[in-house]
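Shown next: start_13.cif, containing mmCIF, C-alpha atoms and all ligand atoms.
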data_model
loop_
_atom_site.label_atom_id
_atom_site.label_comp_id
_atom_site.auth_asym_id
_atom_site.auth_seq_id
_atom_site.Cartn_x
_atom_site.Cartn_y
_atom_site.Cartn_z
CA MET A 1449 -15.79 -5.68 -2.59
CA GLU A 1450 -16.48 -2.25 -1.13
CA ARG A 1451 -13.89 0.50 -1.48
CA LEU A 1452 -12.04 2.21 1.35
CA VAL A 1453 -10.32 5.57 0.85
CA SER A 1454 -8.39 7.63 3.40
CA GLY A 1455 -5.28 9.74 3.79
CA ILE A 1456 -3.14 11.68 6.23
CA LYS A 1457 -1.37 15.05 5.88
CA PRO A 1458 2.42 14.68 5.88
CA THR A 1459 3.11 17.61 8.17
CA GLY A 1460 5.82 15.82 10.12
CA GLY A 1461 5.84 14.04 13.43
CA LEU A 1462 2.82 11.81 13.18
CA THR A 1463 1.07 11.63 16.56
CA LEU A 1464 -0.30 8.78 18.62
CA GLY A 1465 -3.70 10.42 17.98
CA SER A 1466 -3.43 9.90 14.22
CA TYR A 1467 -2.22 6.35 14.80
CA ILE A 1468 -5.17 5.44 17.03
CA GLY A 1469 -7.79 7.48 15.16
CA ALA A 1470 -6.74 6.56 11.64
CA ILE A 1471 -3.77 4.29 10.87
CA LYS A 1472 -4.79 1.54 13.28
CA GLN A 1473 -8.15 1.40 11.50
CA PHE A 1474 -6.50 1.35 8.07
CA VAL A 1475 -4.44 -1.64 9.14
CA GLU A 1476 -7.41 -3.49 10.65
CA LEU A 1477 -9.71 -2.82 7.69
CA HIS A 1478 -7.53 -2.72 4.61
CA LYS A 1479 -7.76 -6.40 3.75
CA SER A 1480 -11.56 -6.43 3.91
CA TYR A 1481 -11.93 -3.63 1.34
CA GLU A 1482 -10.41 -2.56 -1.93
CA SER A 1483 -8.26 0.02 -0.17
CA TYR A 1484 -6.76 3.28 -1.39
CA ILE A 1485 -4.52 4.97 1.17
CA PHE A 1486 -2.73 8.11 0.14
CA VAL A 1487 -0.34 10.77 1.44
CA ALA A 1488 -2.38 13.99 1.49
CA ASP A 1489 0.49 16.28 0.53
CA MET A 1490 -1.75 18.87 -1.14
CA HIS A 1491 -3.55 19.22 2.17
CA ALA A 1492 -0.21 19.77 3.90
CA ILE A 1493 0.44 22.96 1.93
CA THR A 1494 -2.70 24.62 3.28
CA THR A 1495 -0.23 25.84 5.94
CA PRO A 1496 3.35 26.95 5.14
CA GLN A 1497 5.80 24.06 4.62
CA GLU A 1498 9.53 24.04 4.13
CA LYS A 1499 10.35 22.35 0.80
CA LYS A 1500 12.95 19.85 1.97
CA GLU A 1501 11.04 18.96 5.08
CA LEU A 1502 7.84 18.37 3.13
CA ARG A 1503 9.59 15.94 0.79
CA ASN A 1504 11.03 14.07 3.79
CA ASN A 1505 7.68 14.03 5.53
CA ILE A 1506 5.97 12.56 2.47
CA ARG A 1507 8.45 9.71 2.32
CA ASP A 1508 8.24 9.23 6.09
CA MET A 1509 4.49 8.94 5.86
CA VAL A 1510 4.75 6.07 3.38
CA ALA A 1511 7.38 4.32 5.52
CA ILE A 1512 5.11 4.71 8.53
CA TYR A 1513 2.09 3.29 6.68
CA LEU A 1514 4.18 0.24 5.83
CA ALA A 1515 5.79 -0.03 9.26
CA CYS A 1516 2.37 0.07 10.92
CA GLY A 1517 1.30 -2.95 8.89
CA LEU A 1518 -0.33 -1.80 5.64
CA GLU A 1519 0.41 -4.44 3.06
CA PRO A 1520 0.95 -3.06 -0.43
CA ASP A 1521 -0.61 -6.19 -1.95
CA ASN A 1522 -3.84 -5.30 -0.18
CA ALA A 1523 -3.79 -1.52 -0.34
CA THR A 1524 -2.95 0.88 -3.13
CA ILE A 1525 -0.62 3.50 -1.63
CA TYR A 1526 0.06 6.74 -3.51
CA ILE A 1527 0.86 10.43 -3.23
CA GLN A 1528 -2.11 12.72 -3.79
CA SER A 1529 -0.26 15.43 -5.75
CA GLU A 1530 0.99 12.87 -8.30
CA ASN A 1531 -2.58 12.42 -9.48
CA PRO A 1532 -3.76 15.72 -11.01
CA TYR A 1533 -7.40 14.65 -11.03
CA HIS A 1534 -7.82 15.31 -7.31
CA ALA A 1535 -7.40 19.04 -7.94
CA GLN A 1536 -9.35 18.92 -11.18
CA LEU A 1537 -12.42 17.41 -9.54
CA SER A 1538 -11.98 19.60 -6.49
CA TRP A 1539 -12.46 22.74 -8.57
CA ILE A 1540 -15.66 21.39 -10.07
CA LEU A 1541 -16.92 20.48 -6.62
CA GLU A 1542 -16.02 23.92 -5.27
CA CYS A 1543 -18.35 25.35 -7.86
CA ASN A 1544 -21.05 23.10 -6.42
CA THR A 1545 -20.45 23.91 -2.76
CA TYR A 1546 -21.90 26.88 -0.89
CA LEU A 1547 -19.91 29.39 1.13
CA GLY A 1548 -22.38 28.78 3.94
CA GLU A 1549 -21.33 25.13 4.09
CA LEU A 1550 -17.63 25.96 4.39
CA ASN A 1551 -18.37 28.68 6.94
CA ARG A 1552 -19.80 25.99 9.20
CA MET A 1553 -16.65 23.82 9.25
CA THR A 1554 -15.52 23.89 12.87
CA GLN A 1555 -11.86 23.14 12.14
CA PHE A 1556 -11.55 26.27 10.04
CA LYS A 1557 -13.58 28.34 12.49
CA ASP A 1558 -11.27 27.25 15.34
CA LYS A 1559 -8.13 28.17 13.39
CA ASN A 1560 -9.63 31.46 12.31
CA ARG A 1561 -10.49 32.29 15.89
CA LYS A 1562 -6.97 31.44 17.07
CA GLU A 1563 -4.87 32.90 14.28
CA GLY A 1564 -7.07 35.47 12.54
CA SER A 1565 -8.02 35.40 8.87
CA LYS A 1566 -5.01 37.46 7.76
CA ASN A 1567 -2.65 34.54 8.31
CA LEU A 1568 -4.83 31.81 6.87
CA SER A 1569 -4.71 30.66 3.26
CA CYS A 1570 -7.77 30.26 1.04
CA GLY A 1571 -6.69 26.63 0.68
CA LEU A 1572 -7.25 26.06 4.36
CA TYR A 1573 -10.79 27.34 3.91
CA THR A 1574 -11.64 25.23 0.87
CA TYR A 1575 -9.69 22.10 1.82
CA PRO A 1576 -12.79 20.16 2.93
CA VAL A 1577 -13.84 20.23 -0.73
CA LEU A 1578 -10.48 18.82 -1.81
CA MET A 1579 -11.06 16.13 0.79
CA ALA A 1580 -14.48 15.41 -0.76
CA SER A 1581 -12.76 15.11 -4.12
CA ASP A 1582 -10.16 12.67 -2.69
CA ILE A 1583 -12.99 10.47 -1.50
CA ILE A 1584 -15.53 10.49 -4.32
CA LEU A 1585 -12.99 10.43 -7.14
CA TYR A 1586 -12.63 6.72 -6.33
CA ASP A 1587 -16.28 6.01 -5.46
CA ALA A 1588 -15.34 5.23 -1.86
CA ASP A 1589 -17.86 3.33 0.24
CA VAL A 1590 -16.07 3.86 3.55
CA VAL A 1591 -13.71 6.49 4.94
CA PRO A 1592 -11.95 5.61 8.21
CA VAL A 1593 -11.14 8.84 10.09
CA GLY A 1594 -10.92 10.27 13.60
CA GLU A 1595 -13.78 12.31 15.03
CA ASP A 1596 -12.31 15.66 13.93
CA GLN A 1597 -12.76 14.72 10.25
CA LYS A 1598 -16.34 13.50 10.58
CA GLN A 1599 -17.81 16.88 9.65
CA HIS A 1600 -15.77 16.89 6.44
CA VAL A 1601 -17.12 13.47 5.46
CA GLU A 1602 -20.62 14.78 6.16
CA LEU A 1603 -19.95 17.72 3.86
CA THR A 1604 -18.79 15.18 1.25
CA ARG A 1605 -22.10 13.38 1.60
CA ASN A 1606 -24.01 16.63 1.05
CA ILE A 1607 -21.97 17.39 -2.04
CA VAL A 1608 -22.63 13.90 -3.41
CA GLU A 1609 -26.35 14.19 -2.82
CA ARG A 1610 -26.57 17.59 -4.47
CA PHE A 1611 -24.42 16.65 -7.44
CA ASN A 1612 -26.30 13.40 -8.09
CA ASN A 1613 -29.65 15.20 -7.89
CA LYS A 1614 -28.52 17.87 -10.31
CA TYR A 1615 -26.59 15.82 -12.86
CA GLY A 1616 -27.85 12.26 -12.38
CA SER A 1617 -26.25 9.43 -10.41
CA THR A 1618 -22.48 10.04 -10.62
CA PHE A 1619 -20.86 9.50 -7.22
CA LYS A 1620 -21.16 6.81 -4.56
CA MET A 1621 -22.37 7.94 -1.14
CA PRO A 1622 -19.44 7.41 1.28
CA ARG A 1623 -19.81 6.71 4.97
CA PRO A 1624 -17.30 7.54 7.71
CA ILE A 1625 -15.90 4.83 9.97
CA ILE A 1626 -14.96 6.30 13.34
CA PRO A 1627 -13.29 4.08 15.95
CA GLU A 1628 -15.26 3.28 19.10
CA ALA A 1629 -12.34 3.98 21.43
CA GLY A 1630 -9.83 6.60 20.41
CA ALA A 1631 -11.80 8.70 17.97
CA ARG A 1632 -10.43 11.78 19.66
CA ILE A 1633 -7.19 11.38 21.59
CA LYS A 1634 -6.49 14.42 23.71
CA ASP A 1635 -3.38 16.38 24.58
CA LEU A 1636 -1.72 14.85 27.66
CA GLN A 1637 -1.11 18.27 29.23
CA ASN A 1638 -4.43 19.81 28.23
CA PRO A 1639 -6.91 16.97 27.98
CA LYS A 1640 -9.75 19.19 26.77
CA MET A 1641 -7.83 19.76 23.55
CA LYS A 1642 -7.11 17.34 20.67
CA MET A 1643 -3.61 15.82 20.61
CA SER A 1644 -2.07 17.53 17.61
CA LYS A 1645 1.48 18.30 16.63
CA SER A 1646 0.69 21.83 15.50
CA ASP A 1647 -1.42 22.85 18.50
CA SER A 1648 -0.06 20.82 21.42
CA ASP A 1649 3.00 21.69 23.46
CA SER A 1650 5.52 18.90 22.89
CA ARG A 1651 5.01 17.30 26.31
CA GLY A 1652 1.32 16.84 25.56
CA CYS A 1653 1.82 15.04 22.29
CA ILE A 1654 3.37 11.60 21.67
CA LEU A 1655 5.01 11.18 18.29
CA LEU A 1656 5.21 7.74 16.68
CA LEU A 1657 8.98 8.02 16.45
CA ASP A 1658 9.53 9.29 20.02
CA GLU A 1659 12.13 7.36 22.00
CA GLU A 1660 11.04 5.02 24.76
CA ASN A 1661 12.20 7.24 27.65
CA VAL A 1662 10.51 10.28 26.09
CA ILE A 1663 7.21 8.41 25.76
CA ARG A 1664 7.42 7.17 29.33
CA LYS A 1665 8.14 10.66 30.64
CA LYS A 1666 5.27 12.23 28.71
CA ILE A 1667 2.76 9.67 29.97
CA MET A 1668 3.99 9.67 33.56
CA SER A 1669 3.61 13.46 33.66
CA ALA A 1670 0.19 13.52 31.96
CA VAL A 1671 -2.28 15.80 33.72
CA THR A 1672 -4.87 13.91 35.79
CA ASP A 1673 -6.91 14.76 38.91
CA SER A 1674 -6.62 14.11 42.61
CA ASP A 1675 -9.29 11.43 42.82
CA ASN A 1676 -6.91 8.48 42.25
CA LYS A 1677 -9.73 6.32 40.80
CA ILE A 1678 -9.54 4.88 37.32
CA ILE A 1679 -13.06 5.65 36.13
CA PHE A 1680 -14.14 6.85 32.69
CA ASP A 1681 -15.71 10.29 33.01
CA GLU A 1682 -14.68 12.64 30.20
CA GLU A 1683 -16.41 15.62 31.77
CA ASN A 1684 -14.89 15.49 35.25
CA LYS A 1685 -11.81 13.31 34.69
CA PRO A 1686 -10.65 14.20 31.16
CA GLY A 1687 -6.98 13.29 31.75
CA ILE A 1688 -7.60 9.81 33.14
CA SER A 1689 -10.36 9.20 30.57
CA ASN A 1690 -7.94 10.04 27.79
CA LEU A 1691 -5.33 7.61 29.13
CA MET A 1692 -8.07 4.98 29.41
CA MET A 1693 -8.98 5.58 25.75
CA ILE A 1694 -5.37 5.12 24.72
CA TYR A 1695 -5.07 1.93 26.74
CA ALA A 1696 -8.41 0.50 25.56
CA SER A 1697 -7.60 1.19 21.95
CA LEU A 1698 -4.08 -0.24 22.01
CA LYS A 1699 -5.17 -3.34 23.93
CA ASP A 1700 -8.39 -3.72 21.92
CA ILE A 1701 -10.58 -3.87 25.00
CA LYS A 1702 -13.64 -1.93 26.17
CA LEU A 1703 -13.47 0.96 28.62
CA ASP A 1704 -15.36 -0.95 31.31
CA GLU A 1705 -12.75 -3.70 31.07
CA VAL A 1706 -10.07 -1.07 31.71
CA GLU A 1707 -12.00 0.09 34.77
CA ARG A 1708 -12.27 -3.48 36.09
CA LYS A 1709 -8.62 -4.29 35.40
CA PHE A 1710 -7.35 -1.25 37.32
CA VAL A 1711 -9.96 -1.09 40.07
CA ASN A 1712 -7.27 -1.56 42.74
CA SER A 1713 -4.53 0.47 41.07
CA ASN A 1714 -3.41 4.01 41.71
CA TYR A 1715 -2.64 6.56 38.98
CA GLY A 1716 1.09 5.83 39.05
CA GLU A 1717 0.53 2.13 38.39
CA PHE A 1718 -2.04 2.83 35.69
CA LYS A 1719 0.18 5.35 33.92
CA LYS A 1720 3.00 2.82 33.91
CA ALA A 1721 0.69 0.28 32.25
CA VAL A 1722 -0.36 2.87 29.64
CA ALA A 1723 3.28 3.75 28.95
CA ASP A 1724 4.13 0.03 28.53
CA ALA A 1725 1.21 -0.42 26.13
CA VAL A 1726 2.29 2.57 24.01
CA ILE A 1727 5.94 1.51 23.97
CA ASN A 1728 5.07 -2.10 23.11
CA THR A 1729 2.96 -0.87 20.21
CA LEU A 1730 5.42 1.70 18.87
CA LYS A 1731 8.72 -0.17 19.27
CA PRO A 1732 8.16 -2.70 16.47
CA ILE A 1733 6.78 0.09 14.26
CA GLN A 1734 9.92 2.18 14.85
CA GLU A 1735 12.19 -0.78 14.08
CA LYS A 1736 10.38 -1.55 10.84
CA TYR A 1737 10.40 2.15 9.92
CA LYS A 1738 14.20 2.28 10.28
CA GLU A 1739 14.53 -0.79 8.07
CA ILE A 1740 12.49 0.61 5.20
CA ILE A 1741 12.92 4.39 5.22
CA ASN A 1742 15.96 4.21 2.95
CA SER A 1743 14.95 1.24 0.83
CA SER A 1744 13.85 1.34 -2.79
CA LEU A 1745 10.64 -0.44 -1.76
CA ILE A 1746 8.98 2.90 -1.08
CA ASP A 1747 9.39 4.17 -4.64
CA GLU A 1748 8.37 0.82 -6.09
CA ILE A 1749 5.14 0.88 -4.10
CA LEU A 1750 4.43 4.52 -4.94
CA ASN A 1751 5.06 3.97 -8.66
CA LYS A 1752 2.70 1.02 -8.71
CA GLY A 1753 0.11 2.95 -6.71
CA ILE A 1754 0.02 6.02 -8.91
CA GLU A 1755 -0.10 3.89 -12.06
CA LYS A 1756 -3.21 2.22 -10.75
CA VAL A 1757 -5.11 5.29 -9.53
CA ILE A 1758 -4.63 7.73 -12.40
CA PRO A 1759 -6.74 5.81 -14.96
CA LEU A 1760 -9.52 5.29 -12.40
CA ALA A 1761 -9.54 8.98 -11.50
CA LYS A 1762 -9.35 10.07 -15.12
CA ASP A 1763 -12.43 8.04 -16.05
CA LYS A 1764 -14.37 9.55 -13.19
CA CYS A 1765 -13.29 13.08 -14.04
CA LEU A 1766 -14.21 12.69 -17.71
CA GLU A 1767 -17.61 11.36 -16.72
CA VAL A 1768 -18.16 14.41 -14.50
CA GLN A 1769 -16.93 16.87 -17.12
CA GLU A 1770 -19.22 15.37 -19.70
CA LYS A 1771 -22.23 15.58 -17.38
CA ILE A 1772 -21.52 19.24 -16.70
CA GLY A 1773 -20.73 20.18 -20.27
CA LEU A 1774 -17.06 21.08 -19.86
CA GLY A 1775 -14.72 20.70 -22.82
CA ARG A 1776 -15.76 19.52 -26.26
P1 LIG B 1 -4.98 14.77 9.50
O1 LIG B 1 -3.79 14.56 8.67
O2 LIG B 1 -5.08 15.99 10.35
O3 LIG B 1 -5.20 13.52 10.45
C1 LIG B 1 -5.08 12.21 9.93
C2 LIG B 1 -6.08 11.28 10.56
O4 LIG B 1 -5.81 11.13 11.95
C3 LIG B 1 -6.95 11.44 12.71
N1 LIG B 1 -6.49 12.12 13.95
C4 LIG B 1 -6.89 11.79 15.18
N2 LIG B 1 -7.74 10.83 15.61
C5 LIG B 1 -7.91 10.75 16.96
N3 LIG B 1 -7.33 11.57 17.86
C6 LIG B 1 -6.48 12.54 17.46
N4 LIG B 1 -5.89 13.34 18.35
C7 LIG B 1 -6.23 12.69 16.05
N5 LIG B 1 -5.45 13.53 15.32
C8 LIG B 1 -5.62 13.16 14.03
C9 LIG B 1 -7.77 12.37 11.83
O5 LIG B 1 -9.13 12.35 12.19
C10 LIG B 1 -7.53 11.78 10.47
O6 LIG B 1 -8.39 10.68 10.23
N6 LIG B 1 -8.10 16.21 5.90
C11 LIG B 1 -7.51 15.09 6.57
C12 LIG B 1 -6.70 14.22 5.64
C13 LIG B 1 -7.45 13.83 4.42
C14 LIG B 1 -8.40 12.78 4.31
C15 LIG B 1 -8.84 12.83 2.94
C16 LIG B 1 -8.90 11.82 5.18
C17 LIG B 1 -7.34 14.43 3.22
N7 LIG B 1 -8.17 13.83 2.32
C18 LIG B 1 -9.78 11.93 2.46
C19 LIG B 1 -9.85 10.94 4.68
C20 LIG B 1 -10.28 10.99 3.33
C21 LIG B 1 -6.59 15.60 7.67
O7 LIG B 1 -6.17 16.71 7.64
O8 LIG B 1 -6.28 14.65 8.59
#

Rewrite the structure from the file as C-alpha cells, please.
Amino acid sequence: MERLVSGIKPTGGLTLGSYIGAIKQFVELHKSYESYIFVADMHAITTPQEKKELRNNIRDMVAIYLACGLEPDNATIYIQSENPYHAQLSWILECNTYLGELNRMTQFKDKNRKEGSKNLSCGLYTYPVLMASDIILYDADVVPVGEDQKQHVELTRNIVERFNNKYGSTFKMPRPIIPEAGARIKDLQNPKMKMSKSDSDSRGCILLLDEENVIRKKIMSAVTDSDNKIIFDEENKPGISNLMMIYASLKDIKLDEVERKFVNSNYGEFKKAVADAVINTLKPIQEKYKEIINSSLIDEILNKGIEKVIPLAKDKCLEVQEKIGLGR
C-alpha cells in the first residue's frame, strides 16, 4: 500500500479553504493509503503564537480531523513536535538545500513583501525544508495539499533527488495530490486573494466552526460582478468563479454541471444554494466536534499515533546519519 502524509498548521480558526483544499482530500483518500496525518504545530510557531491558544488550537485540530471523518483505525494521527526526528532530519536537509531555492518560495516572498524582513522569523524562511522533512521522514508516496503548498512539495522533490544522487537511494520521491476543484479557494471579499485566516478580513473568510447565520451572511455578501450569469471565468468573474468552486467541490460535481444547474438562476438564488451547501457540510462536522473536543478519545488517538511514528522516523534518521557520517 502506498503511503500518504500531510498536515495542517494549528493556527486557530480553520478555514473552508483548508477544508476543501486539504481535509476533504484526506478524508476521501485516507482509507486507500497507509495514511499519516499530523498537526503541524512546529510550523505554527514560525509566526508568534500565544501559549494557551496554541495548545487549544492543537487539540482543536485533532478534534476537527476526527469530526470531518478521519478514522483513527485507517490513519495515524499525531502531533509533529512530539516526534523529535522531524527537526533532526530538517537540519540535515537544510544543509543540503540552497539559499537560492528558498529565495524562490513565493509564500515567503509574498510575506516578506507585505511585512518586511525585520518582522519575519528565520523559521518562516526555512519552513519549506521542515515540510520536506515531514514528508520524506515517512517515505511518503503522496501528499494531498492545496495549490499554495505545491511549490513546497516540488522543493521536497528536488531535495530528494539531490540527496539520493549524493548519498545513494535513501528517500522515496513524493508526489503532490491537488484537488481538481477547490485547490485555491479565494477570499469572499477579495476574490483575487487566497482565503486565509491570517490575511483575510473576517467577512471574506468562512471558519469551520462559524455559526449558520454567520456563514449565510458571509456568502450572501460575497463580492461578485454585475453580469448576473453563473459562468466560470476566473479572470473576469473571480467572485462567482470562487463560489462555483466551493459549490462544485462540496457537491462533488464538475464546474460545467454547476453552470448547467444554475443557467436560469440569478446571483441571489445561486448564493443561497452555495450557503446551503456549506451549512449542510459544516453542521454535522460542528456537532461531532462538540461531542469529541472534551473526550479522552483525543489523547488516546494521539498516544497511539506518536508511539507508531517515532520508531519509523528514528530508523529513517539513523539511516540518513549513517550515510552522511554523523555520529559514531
Ligand atoms: P496550512 O496549514 O497553511 O494549510 C493547510 C492545508 O490547507 C490548504 N489550504 C487551502 N486550499 C485551498 N484553498 C485555500 N484557501 C487554502 N488554504 C489552505 C493548504 O494548501 C494545505 O494543504 N506547510 C503546510 C502544512 C504542512 C504540510 C507538511 C503539508 C507542514 N508539513 C507536510 C503537507 C505535508 C501549511 O502551512 O499548510

**Message:** Let me see if you get this right: every residue at most 8 Å from ligand LIG 1 (chain B), counting only C-alpha atoms and all ligand atoms, written as a ChimeraX atom specification.
**Reply:** /A:1453-1459,1463-1471,1488,1491-1492,1575-1576,1578-1583,1591-1598,1600-1601,1630-1635,1642-1644

**Request:** Figure out the distance between CA of Leu1655 (chain A) and CA of Ser1697 (chain A), please, to one decimal in Å.
**Result:** 16.5 Å

**Item:** Atom pair CA of Lys1500 (chain A) / CA of Phe1486 (chain A): separation (Å)
**Value:**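 CA of Lys1500 (chain A) sits 19.7 Å away from CA of Phe1486 (chain A).
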
**Fill in**
From the list A:Asp1558, A:Glu1767, A:Asp1675, A:Asp1704, the nearest residue to Ser1617 (chain A) using all atoms listed in the file is A:Glu1767

**Message:** With all atoms listed in the file as the counted atoms, please give the residues lying no more than 8 Å from Gly1652 (chain A), apart from itself and same-chain residues fewer than 6 positions off, as an NGL selection string.
**Reply:** :A and (1635-1638 or 1643 or 1666 or 1670)

**Val1510 (chain A) surroundings by only C-alpha atoms, 9 Å radius, close-in-sequence under 2 positions cut, as a PyMOL selection string** = chain A and resi 1486-1487+1505-1508+1512-1515+1525-1527+1741+1746+1750

**Message:** Counting only C-alpha atoms, which residue out of A:Lys1665, A:Phe1474, A:Pro1759, A:Asp1724 sits closest to Lys1699 (chain A)?
**Reply:**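 Ranked by minimum distance to Lys1699 (chain A), first place goes to A:Asp1724.
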
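The smallest atom-to-atom distance between Ser1480 (chain A) and any of A:Ala1523, A:Ala1511, A:Lys1736, A:Gly1773, using only C-alpha atoms, is found for A:Ala1523.
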
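Closest approach to Ile1701 (chain A) among A:Ala1629, A:Asn1504, A:Glu1450, A:Glu1602: A:Ala1629, based on all atoms listed in the file.
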
Your completed region 1701-1709 of chain A with all heavy atoms, as a PDB file, keeping the file's coordinate frame:
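New file part.pdb:
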ATOM      1  N   ILE A1701      -9.578  -3.473  24.002  1.00  0.00           N
ATOM      2  CA  ILE A1701     -10.580  -3.870  25.000  1.00  0.00           C
ATOM      3  C   ILE A1701     -11.533  -2.708  25.233  1.00  0.00           C
ATOM      4  O   ILE A1701     -11.286  -1.586  24.782  1.00  0.00           O
ATOM      5  CB  ILE A1701      -9.928  -4.318  26.346  1.00  0.00           C
ATOM      6  CG1 ILE A1701      -9.093  -3.183  26.967  1.00  0.00           C
ATOM      7  CG2 ILE A1701      -9.079  -5.562  26.164  1.00  0.00           C
ATOM      8  CD1 ILE A1701      -8.540  -3.539  28.345  1.00  0.00           C
ATOM      9  N   LYS A1702     -12.634  -2.984  25.922  1.00  0.00           N
ATOM     10  CA  LYS A1702     -13.640  -1.930  26.170  1.00  0.00           C
ATOM     11  C   LYS A1702     -13.228  -1.115  27.399  1.00  0.00           C
ATOM     12  O   LYS A1702     -12.470  -1.576  28.246  1.00  0.00           O
ATOM     13  CB  LYS A1702     -15.002  -2.591  26.455  1.00  0.00           C
ATOM     14  CG  LYS A1702     -15.510  -3.438  25.309  1.00  0.00           C
ATOM     15  CD  LYS A1702     -16.669  -2.712  24.654  1.00  0.00           C
ATOM     16  CE  LYS A1702     -17.303  -3.494  23.550  1.00  0.00           C
ATOM     17  NZ  LYS A1702     -16.886  -3.232  22.206  1.00  0.00           N
ATOM     18  N   LEU A1703     -13.826   0.077  27.500  1.00  0.00           N
ATOM     19  CA  LEU A1703     -13.470   0.960  28.620  1.00  0.00           C
ATOM     20  C   LEU A1703     -13.868   0.361  29.966  1.00  0.00           C
ATOM     21  O   LEU A1703     -13.143   0.520  30.950  1.00  0.00           O
ATOM     22  CB  LEU A1703     -14.149   2.321  28.434  1.00  0.00           C
ATOM     23  CG  LEU A1703     -13.554   3.141  27.283  1.00  0.00           C
ATOM     24  CD1 LEU A1703     -14.474   4.282  26.888  1.00  0.00           C
ATOM     25  CD2 LEU A1703     -12.175   3.677  27.665  1.00  0.00           C
ATOM     26  N   ASP A1704     -14.993  -0.362  30.010  1.00  0.00           N
ATOM     27  CA  ASP A1704     -15.360  -0.950  31.310  1.00  0.00           C
ATOM     28  C   ASP A1704     -14.396  -2.059  31.721  1.00  0.00           C
ATOM     29  O   ASP A1704     -14.184  -2.296  32.910  1.00  0.00           O
ATOM     30  CB  ASP A1704     -16.835  -1.375  31.369  1.00  0.00           C
ATOM     31  CG  ASP A1704     -17.208  -2.352  30.280  1.00  0.00           C
ATOM     32  OD1 ASP A1704     -16.355  -2.618  29.412  1.00  0.00           O
ATOM     33  OD2 ASP A1704     -18.344  -2.851  30.300  1.00  0.00           O
ATOM     34  N   GLU A1705     -13.786  -2.697  30.727  1.00  0.00           N
ATOM     35  CA  GLU A1705     -12.750  -3.700  31.070  1.00  0.00           C
ATOM     36  C   GLU A1705     -11.533  -3.014  31.668  1.00  0.00           C
ATOM     37  O   GLU A1705     -10.889  -3.554  32.569  1.00  0.00           O
ATOM     38  CB  GLU A1705     -12.318  -4.467  29.822  1.00  0.00           C
ATOM     39  CG  GLU A1705     -13.247  -5.603  29.445  1.00  0.00           C
ATOM     40  CD  GLU A1705     -12.753  -6.292  28.168  1.00  0.00           C
ATOM     41  OE1 GLU A1705     -11.814  -7.107  28.252  1.00  0.00           O
ATOM     42  OE2 GLU A1705     -13.305  -5.971  27.102  1.00  0.00           O
ATOM     43  N   VAL A1706     -11.216  -1.824  31.151  1.00  0.00           N
ATOM     44  CA  VAL A1706     -10.070  -1.070  31.710  1.00  0.00           C
ATOM     45  C   VAL A1706     -10.387  -0.719  33.157  1.00  0.00           C
ATOM     46  O   VAL A1706      -9.542  -0.886  34.057  1.00  0.00           O
ATOM     47  CB  VAL A1706      -9.784   0.211  30.884  1.00  0.00           C
ATOM     48  CG1 VAL A1706      -8.556   0.933  31.430  1.00  0.00           C
ATOM     49  CG2 VAL A1706      -9.607  -0.099  29.404  1.00  0.00           C
ATOM     50  N   GLU A1707     -11.609  -0.267  33.389  1.00  0.00           N
ATOM     51  CA  GLU A1707     -12.000   0.090  34.770  1.00  0.00           C
ATOM     52  C   GLU A1707     -11.838  -1.105  35.703  1.00  0.00           C
ATOM     53  O   GLU A1707     -11.264  -0.999  36.783  1.00  0.00           O
ATOM     54  CB  GLU A1707     -13.459   0.576  34.809  1.00  0.00           C
ATOM     55  CG  GLU A1707     -13.614   2.018  34.384  1.00  0.00           C
ATOM     56  CD  GLU A1707     -15.066   2.502  34.441  1.00  0.00           C
ATOM     57  OE1 GLU A1707     -15.942   1.780  34.949  1.00  0.00           O
ATOM     58  OE2 GLU A1707     -15.311   3.630  33.956  1.00  0.00           O
ATOM     59  N   ARG A1708     -12.337  -2.268  35.238  1.00  0.00           N
ATOM     60  CA  ARG A1708     -12.270  -3.480  36.090  1.00  0.00           C
ATOM     61  C   ARG A1708     -10.821  -3.884  36.351  1.00  0.00           C
ATOM     62  O   ARG A1708     -10.431  -4.194  37.469  1.00  0.00           O
ATOM     63  CB  ARG A1708     -13.019  -4.626  35.428  1.00  0.00           C
ATOM     64  CG  ARG A1708     -14.536  -4.545  35.642  1.00  0.00           C
ATOM     65  CD  ARG A1708     -15.201  -5.901  35.432  1.00  0.00           C
ATOM     66  NE  ARG A1708     -14.998  -6.424  34.092  1.00  0.00           N
ATOM     67  CZ  ARG A1708     -15.729  -6.071  33.029  1.00  0.00           C
ATOM     68  NH1 ARG A1708     -16.714  -5.206  33.161  1.00  0.00           N
ATOM     69  NH2 ARG A1708     -15.488  -6.581  31.841  1.00  0.00           N
ATOM     70  N   LYS A1709     -10.022  -3.849  35.285  1.00  0.00           N
ATOM     71  CA  LYS A1709      -8.620  -4.290  35.400  1.00  0.00           C
ATOM     72  C   LYS A1709      -7.833  -3.438  36.412  1.00  0.00           C
ATOM     73  O   LYS A1709      -6.965  -3.945  37.107  1.00  0.00           O
ATOM     74  CB  LYS A1709      -7.980  -4.182  34.018  1.00  0.00           C
ATOM     75  CG  LYS A1709      -6.654  -4.895  33.853  1.00  0.00           C
ATOM     76  CD  LYS A1709      -6.267  -4.884  32.371  1.00  0.00           C
ATOM     77  CE  LYS A1709      -4.807  -5.074  32.150  1.00  0.00           C
ATOM     78  NZ  LYS A1709      -4.271  -6.353  32.279  1.00  0.00           N
TER      79      LYS A1709
END
